[in-house]
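File shown: query.cif. Contents: mmCIF, C-alpha atoms.
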data_entry
#
loop_
_atom_site.label_atom_id
_atom_site.label_comp_id
_atom_site.auth_asym_id
_atom_site.auth_seq_id
_atom_site.Cartn_x
_atom_site.Cartn_y
_atom_site.Cartn_z
CA MET A 152 20.25 -24.68 -9.28
CA SER A 153 20.42 -22.50 -6.18
CA LEU A 154 17.52 -20.21 -5.39
CA PRO A 155 17.91 -16.46 -4.96
CA ILE A 156 18.54 -15.40 -1.37
CA GLY A 157 15.85 -13.57 0.53
CA ARG A 158 16.18 -11.95 3.93
CA LEU A 159 14.25 -13.26 6.90
CA VAL A 160 14.13 -10.90 9.86
CA PRO A 161 13.44 -12.98 12.98
CA TYR A 162 10.30 -12.42 15.05
CA ARG A 163 10.62 -9.64 17.59
CA VAL A 164 8.26 -7.48 19.54
CA PHE A 165 8.35 -3.70 19.13
CA SER A 166 6.11 -0.70 19.71
CA GLY A 167 3.71 0.40 16.99
CA VAL A 168 5.91 3.35 16.01
CA GLU A 169 8.97 1.09 15.86
CA ASN A 170 7.18 -1.54 13.80
CA MET A 171 6.00 0.94 11.18
CA SER A 172 9.41 2.64 11.07
CA LEU A 173 11.20 -0.69 10.66
CA ASP A 174 8.87 -1.68 7.81
CA GLN A 175 9.58 1.60 6.03
CA MET A 176 13.31 1.20 6.63
CA LEU A 177 13.12 -2.31 5.14
CA GLN A 178 11.34 -0.93 2.10
CA GLU A 179 14.12 1.64 1.64
CA SER A 180 16.64 -1.22 1.85
CA VAL A 181 14.81 -3.27 -0.75
CA ASP A 182 14.63 -0.20 -3.00
CA GLN A 183 18.43 -0.24 -2.90
CA ASN A 184 19.45 -3.89 -2.75
CA GLN A 185 16.48 -5.48 -4.57
CA GLN A 186 16.42 -8.46 -2.22
CA ILE A 187 13.10 -9.79 -0.92
CA ALA A 188 12.68 -9.25 2.83
CA LEU A 189 10.24 -11.12 5.06
CA ARG A 190 9.65 -10.10 8.63
CA PHE A 191 7.34 -11.22 11.44
CA TYR A 192 6.64 -9.17 14.50
CA GLY A 193 4.56 -8.58 17.58
CA TRP A 194 3.35 -5.47 19.38
CA ARG A 195 4.65 -4.36 22.76
CA GLU A 196 1.22 -3.13 23.78
CA PRO A 197 -2.24 -3.19 22.20
CA THR A 198 -2.08 -0.66 19.37
CA LEU A 199 -4.62 0.82 17.01
CA SER A 200 -3.16 1.48 13.57
CA PHE A 201 -4.87 3.80 11.11
CA GLY A 202 -4.83 3.45 7.36
CA TYR A 203 -2.81 6.07 5.52
CA PHE A 204 -5.82 7.97 4.23
CA GLN A 205 -8.12 7.28 7.17
CA SER A 206 -9.43 10.17 9.24
CA TYR A 207 -8.25 10.20 12.86
CA GLN A 208 -11.68 11.54 13.81
CA GLU A 209 -13.15 8.13 12.99
CA ARG A 210 -11.56 6.89 16.21
CA HIS A 211 -14.59 8.18 18.07
CA PHE A 212 -16.67 5.52 16.32
CA HIS A 213 -14.88 2.85 18.35
CA PRO A 214 -14.87 3.88 22.03
CA VAL A 215 -13.82 0.47 23.35
CA SER A 216 -10.31 1.05 21.94
CA SER A 217 -10.08 4.68 23.03
CA SER A 218 -7.40 4.03 25.65
CA VAL A 219 -4.87 2.22 23.45
CA SER A 220 -1.94 3.89 21.73
CA CYS A 221 -2.19 4.75 18.04
CA VAL A 222 0.01 4.87 15.00
CA ARG A 223 -0.75 5.73 11.38
CA ARG A 224 0.46 3.23 8.81
CA ALA A 225 1.93 4.13 5.44
CA THR A 226 -0.37 1.54 3.86
CA GLY A 227 -4.04 1.80 2.97
CA GLY A 228 -7.24 0.32 4.38
CA GLY A 229 -8.97 0.75 7.73
CA SER A 230 -7.95 0.57 11.39
CA LEU A 231 -6.47 -2.53 12.96
CA LEU A 232 -6.36 -3.38 16.63
CA HIS A 233 -3.03 -5.16 17.01
CA HIS A 234 -3.04 -7.32 20.12
CA HIS A 235 -3.28 -11.11 19.87
CA GLU A 236 -2.05 -11.55 16.32
CA LEU A 237 0.88 -12.52 14.15
CA THR A 238 1.95 -9.65 11.90
CA TYR A 239 4.11 -10.05 8.82
CA SER A 240 5.69 -7.74 6.32
CA LEU A 241 6.99 -8.79 2.94
CA THR A 242 8.87 -6.35 0.73
CA ILE A 243 9.61 -7.31 -2.85
CA PRO A 244 11.41 -5.52 -5.68
CA GLN A 245 9.34 -4.20 -8.54
CA THR A 246 9.95 -2.21 -11.67
CA LEU A 247 9.29 1.52 -11.94
CA GLY A 248 6.57 1.22 -14.60
CA ALA A 249 4.43 -1.08 -12.41
CA ILE A 250 1.35 0.70 -11.12
CA GLY A 251 -1.64 -0.09 -8.94
CA PRO A 252 -2.27 -2.68 -6.25
CA ARG A 253 -0.54 -6.02 -6.69
CA LEU A 254 -3.49 -8.37 -6.29
CA ASP A 255 -1.25 -11.27 -7.21
CA VAL A 256 0.94 -10.57 -4.16
CA TYR A 257 -2.10 -10.42 -1.87
CA GLN A 258 -3.18 -13.78 -3.32
CA GLN A 259 0.25 -15.36 -3.17
CA VAL A 260 0.98 -14.47 0.46
CA HIS A 261 -2.53 -15.29 1.61
CA LYS A 262 -2.26 -18.68 -0.10
CA CYS A 263 0.83 -19.34 2.04
CA ILE A 264 -1.20 -18.53 5.15
CA ILE A 265 -4.09 -20.73 3.96
CA GLU A 266 -1.68 -23.64 3.52
CA ALA A 267 -0.02 -23.04 6.89
CA LEU A 268 -3.41 -23.11 8.63
CA ILE A 269 -4.44 -26.29 6.83
CA ASN A 270 -1.78 -28.04 8.95
CA TYR A 271 -4.05 -27.35 11.91
CA GLY A 272 -7.17 -28.42 10.07
CA VAL A 273 -8.23 -24.78 9.88
CA MET A 274 -9.82 -24.00 6.54
CA VAL A 275 -9.81 -20.30 5.74
CA LYS A 276 -10.73 -19.01 2.31
CA PRO A 277 -10.59 -15.73 0.39
CA PHE A 278 -13.67 -13.55 0.75
CA SER A 279 -14.14 -13.72 -3.04
CA LYS A 280 -14.84 -17.45 -2.65
CA THR A 281 -17.34 -17.12 0.18
CA GLN A 282 -21.09 -16.86 -0.37
CA ASN A 283 -21.16 -13.11 0.29
CA GLY A 284 -18.05 -12.56 -1.78
CA LEU A 285 -19.55 -14.44 -4.70
CA CYS A 286 -22.55 -12.12 -4.42
CA GLY A 287 -20.19 -9.14 -4.61
CA LYS A 288 -21.09 -7.98 -1.09
CA SER A 289 -17.84 -6.24 -0.23
CA ASN A 290 -17.84 -3.64 2.53
CA CYS A 291 -15.23 -0.94 2.94
CA GLU A 292 -17.09 1.55 5.13
CA GLN A 293 -16.44 0.11 8.59
CA PHE A 294 -13.91 1.70 10.96
CA LEU A 295 -12.07 -1.55 11.71
CA CYS A 296 -10.31 -3.16 8.79
CA PHE A 297 -11.38 -6.60 10.03
CA GLN A 298 -15.02 -5.59 9.65
CA ARG A 299 -14.39 -4.63 6.03
CA ARG A 300 -14.18 -7.13 3.21
CA THR A 301 -12.12 -7.12 0.04
CA ALA A 302 -11.71 -10.04 -2.33
CA GLU A 303 -8.40 -11.35 -0.96
CA ASP A 304 -9.21 -11.11 2.76
CA LEU A 305 -9.22 -14.52 4.45
CA ILE A 306 -12.42 -15.61 6.10
CA LEU A 307 -13.15 -18.27 8.72
CA ASN A 308 -16.72 -19.06 9.74
CA GLY A 309 -17.85 -15.73 8.31
CA TYR A 310 -15.20 -13.71 10.19
CA LYS A 311 -12.17 -12.06 8.65
CA VAL A 312 -9.01 -13.44 10.24
CA VAL A 313 -6.34 -12.25 7.77
CA GLY A 314 -6.07 -8.87 6.07
CA SER A 315 -3.17 -7.14 4.35
CA ALA A 316 -2.33 -3.76 2.84
CA GLN A 317 0.33 -2.40 0.51
CA ARG A 318 2.64 0.56 -0.06
CA LYS A 319 4.48 1.10 -3.31
CA SER A 320 7.72 2.96 -3.71
CA ARG A 321 9.85 3.63 -6.76
CA ALA A 322 11.45 0.19 -6.77
CA SER A 323 9.60 -2.01 -4.30
CA LEU A 324 6.30 -3.09 -2.85
CA LEU A 325 5.71 -3.42 0.89
CA GLN A 326 2.84 -5.63 1.95
CA HIS A 327 2.09 -6.14 5.60
CA GLY A 328 -0.79 -7.89 7.24
CA SER A 329 -2.18 -9.60 10.30
CA LEU A 330 -3.33 -13.09 11.21
CA LEU A 331 -5.78 -12.56 14.06
CA LEU A 332 -5.18 -15.34 16.60
CA SER A 333 -7.63 -14.37 19.29
CA SER A 334 -9.97 -11.59 20.22
CA SER A 335 -8.78 -8.49 22.08
CA ARG A 336 -10.74 -6.82 24.86
CA TYR A 337 -10.23 -3.64 22.85
CA ALA A 338 -12.03 -5.13 19.83
CA PRO A 339 -14.21 -7.90 21.26
CA GLU A 340 -16.36 -7.95 18.15
CA LEU A 341 -13.50 -9.56 16.22
CA PRO A 342 -12.84 -13.21 17.03
CA GLY A 343 -9.50 -14.75 16.10
CA VAL A 344 -8.74 -18.18 14.71
CA ASN A 345 -8.37 -19.65 18.19
CA ASP A 346 -11.82 -18.37 19.16
CA LEU A 347 -13.43 -20.00 16.14
CA VAL A 348 -11.96 -23.50 16.02
CA ALA A 349 -11.16 -26.19 18.57
CA GLN A 350 -7.54 -26.65 17.50
CA ARG A 351 -5.07 -24.18 19.01
CA VAL A 352 -2.92 -22.36 16.46
CA GLY A 353 0.41 -21.43 18.03
CA LEU A 354 2.07 -18.20 16.95
CA MET A 355 5.61 -19.49 16.46
CA GLU A 356 4.51 -22.77 14.87
CA VAL A 357 2.23 -21.17 12.31
CA MET A 358 4.90 -18.57 11.57
CA ASP A 359 7.46 -21.28 10.79
CA SER A 360 4.99 -22.92 8.47
CA ILE A 361 4.22 -19.64 6.68
CA ILE A 362 7.97 -19.07 6.22
CA GLU A 363 8.30 -22.45 4.52
CA HIS A 364 5.38 -21.73 2.21
CA VAL A 365 6.67 -18.24 1.32
CA SER A 366 10.06 -19.71 0.53
CA ASP A 367 8.45 -22.27 -1.81
CA SER A 368 5.96 -19.89 -3.35
CA PHE A 369 8.41 -17.07 -4.10
CA GLN A 370 11.18 -19.52 -4.98
CA ILE A 371 13.68 -17.99 -2.59
CA GLN A 372 16.05 -19.29 0.03
CA LEU A 373 15.34 -17.29 3.16
CA ARG A 374 18.33 -16.49 5.34
CA GLU A 375 17.87 -15.17 8.83
CA ASP A 376 19.37 -11.71 9.20
CA ASP A 377 18.31 -9.54 12.12
CA PHE A 378 18.31 -5.76 12.03
CA HIS A 379 21.76 -4.16 12.03
CA ASP A 380 22.70 -1.21 14.22
CA GLN A 381 22.63 1.27 11.34
CA GLU A 382 19.18 0.01 10.34
CA ILE A 383 17.87 0.58 13.85
CA THR A 384 19.35 4.08 13.68
CA ARG A 385 17.65 4.74 10.34
CA ALA A 386 14.34 3.43 11.69
CA ALA A 387 14.65 5.82 14.64
CA GLU A 388 15.12 8.70 12.18
CA ILE A 389 12.02 7.59 10.26
CA ALA A 390 10.09 7.39 13.53
CA GLN A 391 11.05 10.94 14.40
CA LEU A 392 10.16 12.28 10.98
CA ARG A 393 6.96 10.34 10.56
CA PHE A 394 5.42 7.69 12.77
CA GLU A 395 5.91 9.20 16.24
CA ASN A 396 5.10 12.65 14.98
CA GLU A 397 1.70 13.95 16.13
CA ARG A 398 1.24 15.79 12.82
CA TRP A 399 1.60 12.49 10.99
CA LEU A 400 -0.96 10.78 13.21
CA HIS A 401 -3.45 13.64 12.91
CA ARG A 402 -2.74 14.45 9.26
CA ARG A 403 -6.31 13.57 8.31
CA MET B 410 -12.47 20.98 -25.89
CA SER B 411 -11.32 17.50 -25.14
CA ARG B 412 -7.65 16.56 -25.12
CA ASP B 413 -6.34 14.27 -27.84
CA GLN B 414 -4.32 11.64 -25.98
CA SER B 415 -2.21 11.01 -29.08
CA LYS B 416 -0.89 14.59 -28.82
CA LEU B 417 0.17 14.27 -25.17
CA VAL B 418 3.54 13.17 -23.82
CA TYR B 419 3.94 10.54 -21.14
CA ALA B 420 6.21 9.49 -18.29
CA SER B 421 7.14 5.84 -18.00
CA THR B 422 5.38 6.04 -14.60
CA HIS B 423 2.08 6.65 -16.47
CA GLU B 424 1.50 10.38 -15.99
CA TRP B 425 0.52 12.38 -19.08
CA ALA B 426 1.50 15.98 -19.78
CA ASP B 427 -0.19 18.49 -22.06
CA ILE B 428 2.38 21.19 -22.84
CA GLN B 429 1.02 24.63 -23.72
CA GLU B 430 2.66 28.02 -24.10
CA VAL B 431 0.89 31.17 -22.86
CA GLU B 432 2.54 34.56 -23.40
CA GLY B 433 5.96 33.00 -23.66
CA VAL B 434 5.61 30.84 -20.54
CA ARG B 435 5.29 27.08 -20.89
CA TYR B 436 2.87 25.11 -18.73
CA ALA B 437 2.22 21.39 -18.38
CA THR B 438 -1.22 20.19 -17.38
CA ILE B 439 -0.76 16.72 -16.01
CA GLY B 440 -2.88 13.69 -15.17
CA VAL B 441 -2.78 9.90 -15.06
CA SER B 442 -3.23 7.78 -18.19
CA ALA B 443 -6.30 5.66 -18.89
CA PHE B 444 -4.09 2.56 -18.78
CA ALA B 445 -2.91 3.47 -15.29
CA ILE B 446 -6.42 4.29 -14.08
CA GLU B 447 -7.52 0.83 -15.14
CA GLN B 448 -4.55 -0.78 -13.38
CA LEU B 449 -5.18 1.25 -10.22
CA ASN B 450 -8.55 -0.49 -9.98
CA ASP B 451 -11.17 1.29 -7.88
CA LEU B 452 -9.43 4.42 -6.61
CA VAL B 453 -10.76 5.60 -3.27
CA TYR B 454 -8.40 8.40 -2.22
CA MET B 455 -6.08 10.90 -3.86
CA ASP B 456 -3.71 13.48 -2.40
CA LEU B 457 -2.90 16.52 -4.53
CA PRO B 458 0.30 18.59 -4.41
CA GLU B 459 0.28 22.04 -2.83
CA VAL B 460 0.12 25.09 -5.06
CA GLY B 461 3.48 26.84 -5.06
CA ARG B 462 5.48 23.66 -4.58
CA GLU B 463 8.54 23.27 -6.80
CA VAL B 464 9.01 19.81 -8.22
CA ASN B 465 11.62 18.04 -10.27
CA ALA B 466 10.72 15.52 -12.95
CA GLY B 467 10.38 12.18 -11.17
CA ASP B 468 9.55 13.66 -7.76
CA GLU B 469 6.51 12.36 -5.93
CA LEU B 470 3.64 14.70 -6.69
CA GLY B 471 0.75 13.02 -4.92
CA GLU B 472 -0.55 9.67 -3.73
CA VAL B 473 -3.53 7.45 -4.41
CA GLU B 474 -5.14 4.51 -2.64
CA SER B 475 -6.90 1.56 -4.21
CA VAL B 476 -7.55 -1.90 -2.78
CA LYS B 477 -5.66 -0.96 0.41
CA ALA B 478 -2.54 -0.10 -1.65
CA VAL B 479 -1.01 3.36 -1.48
CA SER B 480 0.88 4.32 -4.65
CA PRO B 481 2.82 7.49 -5.41
CA LEU B 482 2.16 9.69 -8.42
CA TYR B 483 5.24 11.25 -9.98
CA SER B 484 5.74 14.60 -11.64
CA PRO B 485 6.62 14.11 -15.30
CA VAL B 486 8.19 17.59 -15.50
CA THR B 487 10.23 20.14 -13.54
CA GLY B 488 8.61 23.40 -12.49
CA GLU B 489 6.26 25.05 -10.01
CA VAL B 490 2.75 23.84 -9.26
CA VAL B 491 0.50 26.80 -10.08
CA GLU B 492 -2.93 25.18 -9.97
CA VAL B 493 -4.49 21.92 -8.75
CA HIS B 494 -7.78 20.25 -9.57
CA SER B 495 -9.17 20.47 -6.05
CA GLU B 496 -12.52 18.80 -6.90
CA LEU B 497 -10.86 15.68 -8.26
CA PRO B 498 -10.28 13.77 -4.96
CA ASP B 499 -14.02 13.97 -4.24
CA GLU B 500 -15.02 12.76 -7.69
CA LEU B 501 -12.56 9.99 -8.43
CA GLU B 502 -15.18 7.84 -10.13
CA GLN B 503 -15.13 10.32 -13.00
CA LEU B 504 -11.47 9.51 -13.63
CA ASN B 505 -12.45 6.20 -15.21
CA SER B 506 -14.64 7.81 -17.83
CA ASP B 507 -12.66 11.00 -18.40
CA PRO B 508 -8.96 10.69 -17.49
CA TYR B 509 -7.73 13.31 -19.99
CA ASP B 510 -10.11 16.20 -19.35
CA PHE B 511 -11.91 16.03 -16.02
CA GLY B 512 -9.01 13.92 -14.74
CA TRP B 513 -6.34 16.62 -14.84
CA ILE B 514 -4.46 16.78 -11.53
CA ALA B 515 -2.25 19.86 -11.62
CA LYS B 516 -0.84 22.58 -13.80
CA ILE B 517 2.91 23.16 -13.59
CA ARG B 518 4.81 26.23 -14.83
CA LEU B 519 7.86 24.75 -16.50
CA THR B 520 11.44 25.79 -15.87
CA SER B 521 13.93 25.94 -18.74
CA ASP B 522 15.20 22.45 -17.88
CA SER B 523 11.71 21.00 -17.63
CA GLY B 524 12.67 17.45 -18.58
CA ILE B 525 10.00 17.17 -21.27
CA GLU B 526 12.57 15.87 -23.74
CA ASN B 527 12.72 12.67 -21.65
CA LEU B 528 9.00 11.99 -21.94
CA LEU B 529 7.52 9.39 -24.27
CA SER B 530 5.41 9.99 -27.35
CA PHE B 531 1.96 8.43 -27.42
CA ASP B 532 3.20 5.59 -29.64
CA ASP B 533 6.18 4.84 -27.40
CA TYR B 534 3.98 4.94 -24.32
CA GLN B 535 1.45 2.59 -25.92
CA ARG B 536 4.32 0.22 -26.68
CA GLN B 537 5.44 0.31 -23.02
CA CYS B 538 1.89 -0.43 -21.86
CA SER B 539 1.43 -3.34 -24.23
CA GLU B 540 4.74 -4.84 -23.12
CA SER B 541 3.80 -4.59 -19.45
CA ALA B 542 0.19 -5.77 -19.85
#

Take the structure in this file and express it as structure tokens.
Amino acid sequence: MSLPIGRLVPYRVFSGVENMSLDQMLQESVDQNQQIALRFYGWREPTLSFGYFQSYQERHFHPVSSSVSCVRRATGGGSLLHHHELTYSLTIPQTLGAIGPRLDVYQQVHKCIIEALINYGVMVKPFSKTQNGLCGKSNCEQFLCFQRRTAEDLILNGYKVVGSAQRKSRASLLQHGSLLLSSSRYAPELPGVNDLVAQRVGLMEVMDSIIEHVSDSFQIQLREDDFHDQEITRAAEIAQLRFENERWLHRR
Amino acid sequence: MSRDQSKLVYASTHEWADIQEVEGVRYATIGVSAFAIEQLNDLVYMDLPEVGREVNAGDELGEVESVKAVSPLYSPVTGEVVEVHSELPDELEQLNSDPYDFGWIAKIRLTSDSGIENLLSFDDYQRQCSESA
């Protein structure tokens, strides 16, 4: 029996505004065509992304990143400093009556990342299964998302190295997240996987492994399909309306 | 006086509406059902609609965040937003215990084609919830 086809958008590097606009454009596509879309991407320059409800004023709490460009995400959570990381977005169809966060999707995607990292002998685990997590010591007050802890965040040697966030629409769920590979000079307090273990985790290699695990886990056959011209045009419209707009960035 | 949830009508997207008529004008007070509040799981933020905004049934009316997930709230009816519960976003913890009274979100003055005929009765809504649980 053949598996349903999912779309795999090949890894490319864009600006923060472009990345957020492309993720929203993909979500609009999935709303229409109901086909799972997986995408990996990098960031043209170090970028600080704010959570949808986060106050821009909080930026002053983190002076070391004050010179980097900013974008506000459409997803929740705290700020991320995107620099030496692998970022993914997965958009899946869902029914209209579904409400609330999809914890199962956090768990399912993070399990794929756990399994991909095991290939390198790197053992990350969900915060809920760490000592502090078992004690219920979550923390959602910090400015940087990677200093916060929720149950599904992935932890290595006490440090968060994978975090994800979601956005629901009428007919789909967008989840994007970051695997922190190494520390940035703009957030030196956050070590990445390669700062914490002896083995070197390569970006493209770990991405290929995650793709295989997502394909198995979601029971889909992923077909590579890069952005089309009209999609790039639509993403540029979204950027203009939302992500590159100063009012959007300073909305809170 | 507390609202009787069995007398309310519901959208399949989990918003409730309490329809009242005052001096010949119909209003819907709306909120989010207890089932949805439980599914939303630890709400931390809520955006309310602006007073004066005209909405169609099914339009996005506001947004909420829980566990790093942003979800839209939909208007169950068509009309004009005439009042919002401005204290609610600062007291979201009270939604869990009181979704049908303290948890009201907005009051909407209904137009003639308000869309309320498309809403579910309490029993039908309960059935939808039990099927999706």

Open item on the list: Can you translate the PyMOL selection byres ((chain B) within 12 of (chain A)) into the concrete residues it hits in this file, as a VMD selection string?
Closed with: chain B and resid 419 to 424 441 to 456 467 to 469 472 to 483 498 534 537 to 542

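Non-sequential neighbours of segment 354-368 of chain A (distance at most 8 Å, separation of 4 or more positions within a chain, all atoms listed in the file) are A:Phe191, A:Glu236, A:Leu237, A:Gln259, A:Val260, A:Cys263, A:Ile264, A:Glu266, A:Ala267, A:Leu268, A:Leu332, A:Gln372, A:Leu373.
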
Open item on the list: Give me, as JSON, numbers by chain, all polymer residues having an atom no more than 10 Å from Val181 of chain A, counting all atoms listed in the file and skipping those fewer than 4 positions away in the same chain.
Closed with: {"A": [158, 175, 176, 177, 185, 186, 187, 188, 242, 243, 244, 245, 320, 322, 323, 324, 325]}

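Proximity ranking of A:His401, A:His261, A:Arg195, A:Lys280 relative to His233 of chain A places A:Arg195 first, based on only C-alpha atoms.
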
Open item on the list: Give me, as a ChimeraX atom specification, all polymer residues having an atom no more than 6 Å from Leu159 of chain A, counting all atoms listed in the file and skipping those fewer than 2 positions away in the same chain.
Closed with: /A:188-190,373-376

Restricting it to C-alpha atoms, dump the selection as an mmCIF file, in the coordinates of the input.
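Saved as selection_12.cif:
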data_model
loop_
_atom_site.group_PDB
_atom_site.id
_atom_site.type_symbol
_atom_site.label_atom_id
_atom_site.label_comp_id
_atom_site.auth_asym_id
_atom_site.auth_seq_id
_atom_site.Cartn_x
_atom_site.Cartn_y
_atom_site.Cartn_z
ATOM 1 C CA ALA A 188 12.680 -9.250 2.830
ATOM 2 C CA LEU A 189 10.240 -11.120 5.060
ATOM 3 C CA ARG A 190 9.650 -10.100 8.630
ATOM 4 C CA LEU A 373 15.340 -17.290 3.160
ATOM 5 C CA ARG A 374 18.330 -16.490 5.340
ATOM 6 C CA GLU A 375 17.870 -15.170 8.830
ATOM 7 C CA ASP A 376 19.370 -11.710 9.200
#

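Reported to one decimal place, the separation of atom CA of Tyr337 of chain A from atom CA of Ser216 of chain A is 4.8 Å.
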
- [ ] Could you jot down the atom CA of Ile514 of chain B to atom CA of Leu457 of chain B separation for me, Å, one decimal place?
- [x] 7.2 Å

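The space separating atom CA of Arg223 of chain A from atom CA of Ser240 of chain A comes to 15.8 Å.
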
Open item on the list: Restricting the calculation to all atoms listed in the file: of B:Ser530, B:Asn505, B:Gln535, B:Ser495, which residue gets closest to Val460 of chain B?
Closed with: B:Ser495

Task: Nearest to Ser172 of chain A, chosen from A:Leu232, A:Leu392, A:Leu331, A:Ala386, with only C-alpha atoms counted in the distances - done: A:Ala386

- [ ] For each of A:Asp174, A:Leu231, A:Asp346, A:Gln258, take the minimum atom-to-atom distance to Leu305 of chain A, counting all atoms listed in the file, then give the residue where this is smallest.
- [x] A:Gln258

To test the calculation: enclose all listed atoms of segment 455-460 of chain B in a box whose edges run along x, y and z, add 8 Å on each side, then state centre and edge lengths in Å to one decimal, as JSON.
{"center_x": -2.9, "center_y": 18.0, "center_z": -3.7, "size_x": 22.4, "size_y": 30.2, "size_z": 18.7}

- [ ] Evaluate the PyMOL selection byres ((chain A and resi 207) around 9) and record the selected residues as a PyMOL selection string, following the chain and residue labels used in the document.
- [x] chain A and resi 201+205-206+208-211+223+400-403

Task: Expansion of the PyMOL selection byres ((chain B and resi 494) around 7) into residues, as a PyMOL selection string - done: chain B and resi 492-493+495-497+513-515

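The residue that comes closest to Ser220 of chain A, out of A:Glu395, A:Gly328, A:Leu241, A:Asn308 and on the basis of all atoms listed in the file, is A:Glu395.
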
Task: Distance query Arg518 of chain B at most 12 Å, all atoms listed in the file, self and fewer than 2 positions along chain excluded, as JSON, numbers by chain - done: {"B": [426, 427, 428, 429, 430, 431, 433, 434, 435, 436, 437, 438, 439, 460, 461, 462, 463, 464, 465, 486, 487, 488, 489, 490, 491, 492, 493, 515, 516, 520, 521, 522, 523]}

TODO: Using all atoms listed in the file, determine which residues lie at most 12 Å from Pro339 of chain A, disregarding the query and same-chain residues fewer than 2 positions distant; provide the list as number ranges by chain.
DONE: A: 213-216, 232, 234-235, 295, 297-298, 333-337, 341-343, 346
